[in-house]
Amino acid sequence: MPSCCFLIGLGVAPRPPPAALGLLLRRRMASNRAFQLRLNPLTGDSEWLVVDEEEEAPSHHRQLLVATSYLDMLNDTARNRAYRHAIDATVTDPTSRVLDIGAGTGLLSMMAARALAAAGGGEGRGSVSACEAYLPMAKLTRRVFRANGMENKIKVFLKRSDELRVGVELDSRADILVSEILDSELLGEGLIPTLQHAHDMLLVKNPKTVPYRATTYGVLVESTFLWKMHDLHSNEANTEDGVWLTPDGTQNILSVKLQQHAMQCDALADEIRLLSEPFKVFEFDFWKRPDSHRETKIEIKATADGHAHAIISWWVLQLDSAGSIFYSTAPRWVRQSSGVDLPQCANGMKDWCDHWKQCVWFIQGTGAPAMKDQILALRASHDQTIISYQLNMNDEISSRSPKSDHLTLLPERIALYGDKAWRSALIGAVRNAMSGRSSPTCIVADDSVLLAVIVSSLLPSSKVITMFPGLRDKGFNYLRAVADANKFSMDRIEVIGKKASSLTMNDLKDEKINLVVGEPFYHGSEGMLPWQNLRFWNERTLLDPLLSEDAFIMPCKGILRLCAMSLPDLWRSRCSLKDVEGFDHSVVNDTFGACGDLSGEQQGPCLPYYVWQCGYTKKLSLVYSLMDFNFSEPIHSCFGKTKIKFAHDGICHGFAVWIDWVLDEKNSIVISTGPDTGSKECSCLAGLCK
C-alpha cells in the first residue's frame with residue numbers, strides 16, 4: 001500500500017490559537033484601524049494586535065479567520081440557494097433600498113444588487129448598503145466585491161449596525177433587510193437587539209426581510225451519554241473512589257452552564273431514545289420589532305416510558321413571505337422518524353455542515369421521569385440572547401450571577417470528571433508519586449480542581465499550592481466548599497495569585513516543590529490545538545529553580561500521535577471555493593484556510609475538533625507516534641517525522657492528531673485524548689490535506 005509523510009515541527013513560539021476567536025475583544029482606535037486581543041497559549045498571556053484597514057492581513061489575522069465558520073457557511077449549498085431564491089423573490093422593485101447587516105464576504109449584498117439590476121432591466125435605481133464591524137472581514141468583503149465587479153454597486157460600512165445613522169451613512173431608511181446573524185441557538189449573535197435597533201432607526205415601517213421568520217423546535221430525549229455530560233454527582237457516586245467533586249448537599253457546585261450547548265446531534269442517533277414528538281417553542285418574525293423577553297408553557301405528551309435527560313432543539317427558517325422557501329437545522333433522525341409535519345429544506349436533505357448545529361439543554365439531576373401518554377409541562381423563556389427551559393419544577397432558572405464557589409465547565413469536561421477510568425488513572429498516578437513522601441509540597445500547575453482534591457485528600461499532611469491561572473479565587477472558594485467532604489484542611493492549601501515566572505522561595509516558605517501535577521487543563525482555553533496544551537511544560541520549566549532534586553512531574557511525558565483519516569463531510573465543508581451562487585469567491589480561499597486545489601506553498605489547516613463531531617469518519621491507518629515531549633527536561637523545540645502506511649482503502653482527507661499523556665515513569669498509566677479511546681469526550685485535531 002502507498003505511504004506518505006506528515007511532518008510537524010514545534011518550537012517554543014506557538015501560533016495564535018483558534019480559541020482566541022471566542023474572546024476577540026475588538027476596540028475601534030480610528031476609522032481605519034482597530035485593536036484585537038490575541039491569547040498566547042504557551043504562557044496564557046494576551047496581547048493587543050493592531051489591524052490596519054490599508055495593509056494586507058498578516059498571517060496571525062488570517063489564522064484567526066481560518067477557525068471561523070465562514071468557509072463552512074459558504075460551502076453550505078442549501079443555505080446559499082435558499083437565500084438566493086428568497087432574495088430574488090423579495091427584491092423585485094428596482095427602487096428598493098436594501099440593507100445587509102453582518103455582511104461577511106458580501107454574498108447576500110451581491111445577491112441583492114443582482115436582483116435590483118434584474119428588476120430594473122439592468123439599470124437598478126435602488127441601492128445596497130452593507131455593514132461589517134470586523135475589520136479583517138470587511139477588508140475581505142471589499143476584495144470579493146472587486147473580484148465580482150460590485151465595488152461601485154454596494155456601499156460597505158466598517159461599523160456595527162447600531163452605529164449607522166440615517167442621513168449620515170444611509171441616505172434614507174431601508175425597505176428591505178437581508179441578514180444572516182444566526183448561531184446554532186438562533187439568538188446568540190445578538191439577533192434580537194440587532195433587529196430592535198434596525199426597526200427603530202434604520203428600516204421603514206413594515207419592511208420586507210430575508211429571512212422572514214424563524215421558528216425554534218425541541219424534542220425530549222433519553223440518553224445515558226448526554227446524562228453523563230451533566231450529572232457529575234450521580235456518576236462520581238458510581239465510581240466509589242472516595243473523591244467528591246460534588247458532595248451531597250452541593251450537587252450543583254460544579255456543573256455545566258445552564259444554557260443550550262451546540263452539538264452535532266446527528267452523531268447521537270444511536271445514543272438516544274425519543275420520548276416525545278417535536279414541539280414548537282418560539283416564533284421570531286424578522287419583519288417586525290421583536291420582544292426582548294417572552295415566556296411560554298408547552299404541554300408535551302410522552303411517547304414512551306423513560307427518563308428525559310435533555311431537550312434537543314433546532315430551528316427552521318422561512319426565508320420568504322410566501323412560505324415556500326425553508327432552511328432547517330433539524331437532525332436527520334427527527335426528520336426521518338417524526339410523525340409531525342415539519343417544514344423541510346426547499347431542496348430536500350441538506351449536506352452535513354458545521355456552522356449551524358443542534359443545541360442540547362440538559363435537564364438537571366437524573367432527569368425527569370416520563371410515562372407513555374403522560375403530559376409533561378415545559379416552561380420556555382428567552383431573553384435577548386438565550387432560550388431557557390424548565391421541565392422539572394425543581395430546575396433552577398439560568399442565573400447571571402452564580403455563587404462565588406460555583407464552577408461551570410464544558411459538558412465534555414464534566415463527563416471526564418465523572419468517568420471511572422479517567423479518575424482511577426489520576427488517583428493511581430498521584431498515589432504512586434506520593435509513596436514514601438511524608439509531607440510533600442505539591443503544586444497543581446493548571447486549573448484542575450480534580451487533581452487539587454485528589455492530592456489534598458490522599459495525603460492530608462501535604463502542602464498543596466494551586467496555581468489556578470484561570471479559576472483563581474473561584475477555585476479556592478470551591479475547594480473550601482468541598483474540603484470537609486473530602487477530609488482535608490484548607491489550612492494546607494494555598495492559591496498563588498502569581499505566574500510561575502514570578503514565584504520565589506519566599507512564596508514557598510523556603511520549601512522545595514516535590515510534586516508538579518496537571519491534567520493538563522486550562523480553564524477558558526478549551527478548543528485549542530493539541531500541542532497548545534504544552535503550556536504545562538512551559539510552566540514546569542519556569543518552576544525548575546524551585547524543584548527538589550527528586551521532584552516528580554505528572555504527566556511525565558506527552559506523546560503526539562496521529563492517524564490517517566477519511567473525513568468527507570468535514571472536507572466538503574472546508575474545500576476551496578470558486579463559484580458561490582454565481583459569484584467568484586476564490587479570493588477568500590487562502591484567508592479562510594480552504595482545502596483542495598491549493599498551490600504548492602499553501603498548507604492545509606490544522607483545526608481543533610471532536611472527531612465524533614466531524615460527520616462520517618473512517619480510520620485509514622494504524623496509530624503512529626510522531627514525537628515525544630519529555631517534561632523532566634526544560635521546554636525546547638521538537639521535530640518529528642514518520643511514514644504512514646495505509647491499512648484500509650479510502651480517500652485520505654487529513655489526519656487526526658492528539659496527545660497521549662503518560663502519567664508515570666514506568667509508562668504504565670496513560671491518558672489518551674485520541675479517537676481510539678471510544679470516548680466522545682476526548683478531543684483531537686483534524687489536520688486537513690491540501
# chains A, B, ... in the order shown; residues from 1 in each chain; ligands from 1

$ select_by_dssp --residues "segment 425-545 of chain A" --states "strand (DSSP E)" --output "list in words"
Thr441, Cys442, Ile443, Val444, Lys463, Val464, Ile465, Thr466, Ile493, Glu494, Val495, Ile513, Asn514, Leu515, Val516 and Val517 of chain A

$ write_last_selection --atoms "N, CA and C atoms" --output "PDB file, in the first residue's frame"
ATOM      1  N   THR A 441       5.437  18.917  49.315  1.00  0.00           N
ATOM      2  CA  THR A 441       4.876  20.165  48.805  1.00  0.00           C
ATOM      3  C   THR A 441       4.523  19.942  47.343  1.00  0.00           C
ATOM      4  N   CYS A 442       3.275  20.171  47.025  1.00  0.00           N
ATOM      5  CA  CYS A 442       2.778  19.868  45.676  1.00  0.00           C
ATOM      6  C   CYS A 442       2.219  21.126  45.041  1.00  0.00           C
ATOM      7  N   ILE A 443       2.503  21.318  43.770  1.00  0.00           N
ATOM      8  CA  ILE A 443       1.912  22.415  43.002  1.00  0.00           C
ATOM      9  C   ILE A 443       1.000  21.836  41.931  1.00  0.00           C
ATOM     10  N   VAL A 444      -0.256  22.270  41.940  1.00  0.00           N
ATOM     11  CA  VAL A 444      -1.166  21.980  40.834  1.00  0.00           C
ATOM     12  C   VAL A 444      -0.999  23.131  39.847  1.00  0.00           C
ATOM     13  N   LYS A 463       1.353  19.859  51.657  1.00  0.00           N
ATOM     14  CA  LYS A 463       1.072  21.266  51.401  1.00  0.00           C
ATOM     15  C   LYS A 463       0.766  21.402  49.911  1.00  0.00           C
ATOM     16  N   VAL A 464      -0.405  21.920  49.597  1.00  0.00           N
ATOM     17  CA  VAL A 464      -0.853  21.996  48.209  1.00  0.00           C
ATOM     18  C   VAL A 464      -0.937  23.453  47.781  1.00  0.00           C
ATOM     19  N   ILE A 465      -0.213  23.776  46.743  1.00  0.00           N
ATOM     20  CA  ILE A 465      -0.246  25.121  46.172  1.00  0.00           C
ATOM     21  C   ILE A 465      -0.918  25.019  44.809  1.00  0.00           C
ATOM     22  N   THR A 466      -2.013  25.710  44.641  1.00  0.00           N
ATOM     23  CA  THR A 466      -2.757  25.665  43.385  1.00  0.00           C
ATOM     24  C   THR A 466      -2.519  26.944  42.604  1.00  0.00           C
ATOM     25  N   ILE A 493      -3.778  24.431  52.084  1.00  0.00           N
ATOM     26  CA  ILE A 493      -3.969  24.734  50.660  1.00  0.00           C
ATOM     27  C   ILE A 493      -3.837  26.233  50.444  1.00  0.00           C
ATOM     28  N   GLU A 494      -3.141  26.587  49.390  1.00  0.00           N
ATOM     29  CA  GLU A 494      -2.936  28.000  49.079  1.00  0.00           C
ATOM     30  C   GLU A 494      -3.096  28.214  47.576  1.00  0.00           C
ATOM     31  N   VAL A 495      -3.833  29.242  47.215  1.00  0.00           N
ATOM     32  CA  VAL A 495      -3.935  29.647  45.819  1.00  0.00           C
ATOM     33  C   VAL A 495      -2.974  30.802  45.593  1.00  0.00           C
ATOM     34  N   ILE A 513       9.678  22.231  45.986  1.00  0.00           N
ATOM     35  CA  ILE A 513       8.500  21.537  45.454  1.00  0.00           C
ATOM     36  C   ILE A 513       8.857  20.089  45.155  1.00  0.00           C
ATOM     37  N   ASN A 514       8.037  19.170  45.669  1.00  0.00           N
ATOM     38  CA  ASN A 514       8.270  17.738  45.459  1.00  0.00           C
ATOM     39  C   ASN A 514       7.442  17.166  44.312  1.00  0.00           C
ATOM     40  N   LEU A 515       6.260  17.763  44.063  1.00  0.00           N
ATOM     41  CA  LEU A 515       5.379  17.265  43.002  1.00  0.00           C
ATOM     42  C   LEU A 515       4.817  18.435  42.209  1.00  0.00           C
ATOM     43  N   VAL A 516       4.848  18.299  40.886  1.00  0.00           N
ATOM     44  CA  VAL A 516       4.182  19.248  39.992  1.00  0.00           C
ATOM     45  C   VAL A 516       3.187  18.435  39.168  1.00  0.00           C
ATOM     46  N   VAL A 517       1.910  18.756  39.285  1.00  0.00           N
ATOM     47  CA  VAL A 517       0.895  17.951  38.609  1.00  0.00           C
ATOM     48  C   VAL A 517      -0.021  18.833  37.765  1.00  0.00           C
TER      49      VAL A 517
END

$ select_by_dssp --residues "segment 149-357 of chain A" --states "helix (DSSP H, G or I)" --output "MDAnalysis selection string"
chainID A and resid 161:163 191:202 224:228 232:239 265:268 332:337

$ closest_residue --among "A:Arg480, A:Ala429, A:Asp447, A:Ala380" --to "Ser404 of chain A" --atoms "only C-alpha atoms"
A:Arg480

$ closest_residue --among "A:Thr95, A:Thr90, A:Ser129, A:Ser255" --to "Val210 of chain A" --atoms "only C-alpha atoms"
A:Thr90

$ closest_atom_pairs --of "segment 504-606 of chain A" --to "segment 143-149 of chain A" --cutoff "12 Å" --atoms "only C-alpha atoms" --output "Markdown table"
| residue | atom | partner | partner_atom | distance |
| --- | --- | --- | --- | --- |
| A:Leu577 | CA | A:Val144 | CA | 11.9 |
| A:Lys578 | CA | A:Val144 | CA | 11.5 |
| A:Asp579 | CA | A:Asn148 | CA | 10.6 |
| A:Val580 | CA | A:Asn148 | CA | 11.3 |
| A:Gly582 | CA | A:Asn148 | CA | 9.4 |
| A:Phe583 | CA | A:Asn148 | CA | 6.5 |
| A:Asp584 | CA | A:Asn148 | CA | 6.3 |
| A:His585 | CA | A:Val144 | CA | 6.4 |
| A:Ser586 | CA | A:Val144 | CA | 8.5 |
| A:Val587 | CA | A:Val144 | CA | 6.6 |
| A:Val588 | CA | A:Val144 | CA | 7.6 |
| A:Asn589 | CA | A:Val144 | CA | 11.1 |
| A:Thr591 | CA | A:Arg143 | CA | 11.4 |

$ atom_distance --atom1 "atom CA of Leu567 of chain A" --atom2 "atom CA of Ala262 of chain A"
20.5 Å

$ residues_around --residues "segment 438-440 of chain A" --least-positions-apart "5" --cutoff "12 Å" --atoms "only C-alpha atoms" --output "list in words"
Val430, Ala433, Val455, Ser456, Leu458, Leu459, Pro460, Ser461, Ser462, Lys463, Val464, Ile465, Arg492, Glu511, Lys512, Ile513, Asn514, Leu515, Val516, Leu547, Ser548, Asp550, Ala551 and Phe552 of chain A

$ closest_residue --among "A:Leu450, A:Leu426, A:Cys353, A:Cys595" --to "Asp72 of chain A" --atoms "only C-alpha atoms"
A:Cys353

$ residues_around --residues "Ile496 of chain A" --least-positions-apart "5" --cutoff "10 Å" --atoms "only C-alpha atoms" --output "MDAnalysis selection string"
chainID A and resid 443 465:469 472:473 476 503 507:508

$ residues_around --residues "segment 268-270 of chain A" --least-positions-apart "3" --cutoff "12 Å" --atoms "only C-alpha atoms" --output "list of chain:residue names"
A:Val221, A:Glu222, A:Ser223, A:Thr224, A:Phe225, A:Leu226, A:Met263, A:Gln264, A:Cys265, A:Arg273, A:Leu274, A:Ile312, A:Pro331, A:Arg332, A:Trp333, A:Val334, A:Arg335, A:Gln336, A:Ser337, A:Gln358, A:Val360, A:Trp612, A:Gln613, A:Gly615, A:Lys680

$ closest_residue --among "A:Ala214, A:Ile311, A:Trp356, A:Glu283" --to "Asp183 of chain A" --atoms "only C-alpha atoms"
A:Trp356

$ closest_residue --among "A:Arg294, A:Lys641, A:His523, A:Lys280" --to "Ser381 of chain A" --atoms "only C-alpha atoms"
A:Arg294

$ residues_around --residues "Ile414 of chain A" --least-positions-apart "6" --cutoff "10 Å" --atoms "only C-alpha atoms" --output "list in words"
Lys228, Met229, His230, Asp231, Leu232, His233, Asn235, Leu254, Ser255, Val256, Thr408 and Glu681 of chain A

$ write_last_selection --atoms "N, CA, C and O atoms" --output "mmCIF file, in the first residue's frame"
data_model
loop_
_atom_site.group_PDB
_atom_site.id
_atom_site.type_symbol
_atom_site.label_atom_id
_atom_site.label_comp_id
_atom_site.auth_asym_id
_atom_site.auth_seq_id
_atom_site.Cartn_x
_atom_site.Cartn_y
_atom_site.Cartn_z
ATOM 1 N N LYS A 228 -24.358 11.695 31.224
ATOM 2 C CA LYS A 228 -23.001 11.719 31.782
ATOM 3 C C LYS A 228 -22.320 13.067 31.563
ATOM 4 O O LYS A 228 -21.354 13.386 32.257
ATOM 5 N N MET A 229 -22.814 13.841 30.628
ATOM 6 C CA MET A 229 -22.193 15.134 30.342
ATOM 7 C C MET A 229 -22.672 16.241 31.279
ATOM 8 O O MET A 229 -22.215 17.378 31.156
ATOM 9 N N HIS A 230 -23.589 15.915 32.200
ATOM 10 C CA HIS A 230 -24.024 16.991 33.105
ATOM 11 C C HIS A 230 -24.275 16.534 34.536
ATOM 12 O O HIS A 230 -24.171 17.333 35.458
ATOM 13 N N ASP A 231 -24.601 15.249 34.757
ATOM 14 C CA ASP A 231 -24.905 14.802 36.119
ATOM 15 C C ASP A 231 -23.648 14.216 36.757
ATOM 16 O O ASP A 231 -23.506 12.996 36.925
ATOM 17 N N LEU A 232 -22.720 15.089 37.144
ATOM 18 C CA LEU A 232 -21.460 14.654 37.732
ATOM 19 C C LEU A 232 -21.689 13.957 39.068
ATOM 20 O O LEU A 232 -21.016 12.977 39.391
ATOM 21 N N HIS A 233 -22.652 14.442 39.854
ATOM 22 C CA HIS A 233 -22.868 13.892 41.193
ATOM 23 C C HIS A 233 -23.207 12.402 41.128
ATOM 24 O O HIS A 233 -22.607 11.588 41.839
ATOM 25 N N ASN A 235 -22.694 10.282 38.654
ATOM 26 C CA ASN A 235 -21.658 9.491 38.010
ATOM 27 C C ASN A 235 -20.443 9.296 38.900
ATOM 28 O O ASN A 235 -19.832 8.221 38.896
ATOM 29 N N LEU A 254 -20.419 22.217 41.025
ATOM 30 C CA LEU A 254 -19.613 22.056 39.811
ATOM 31 C C LEU A 254 -20.524 21.474 38.747
ATOM 32 O O LEU A 254 -21.017 20.361 38.879
ATOM 33 N N SER A 255 -20.772 22.227 37.701
ATOM 34 C CA SER A 255 -21.797 21.812 36.735
ATOM 35 C C SER A 255 -21.521 22.417 35.373
ATOM 36 O O SER A 255 -20.619 23.246 35.207
ATOM 37 N N VAL A 256 -22.307 21.984 34.405
ATOM 38 C CA VAL A 256 -22.302 22.680 33.119
ATOM 39 C C VAL A 256 -23.087 23.978 33.281
ATOM 40 O O VAL A 256 -23.925 24.106 34.178
ATOM 41 N N THR A 408 -18.430 26.376 36.607
ATOM 42 C CA THR A 408 -19.057 25.791 35.421
ATOM 43 C C THR A 408 -17.966 25.346 34.455
ATOM 44 O O THR A 408 -16.994 26.062 34.222
ATOM 45 N N GLU A 681 -15.837 12.220 24.661
ATOM 46 C CA GLU A 681 -15.424 13.425 25.363
ATOM 47 C C GLU A 681 -14.006 13.833 24.978
ATOM 48 O O GLU A 681 -13.608 14.971 25.182
#

$ residues_around --residues "segment 571-576 of chain A" --least-positions-apart "2" --cutoff "12 Å" --atoms "only C-alpha atoms" --output "count of residues only"
60

$ closest_residue --among "A:Thr642, A:Thr246, A:Asn667, A:Ser435" --to "Ala483 of chain A" --atoms "only C-alpha atoms"
A:Thr246
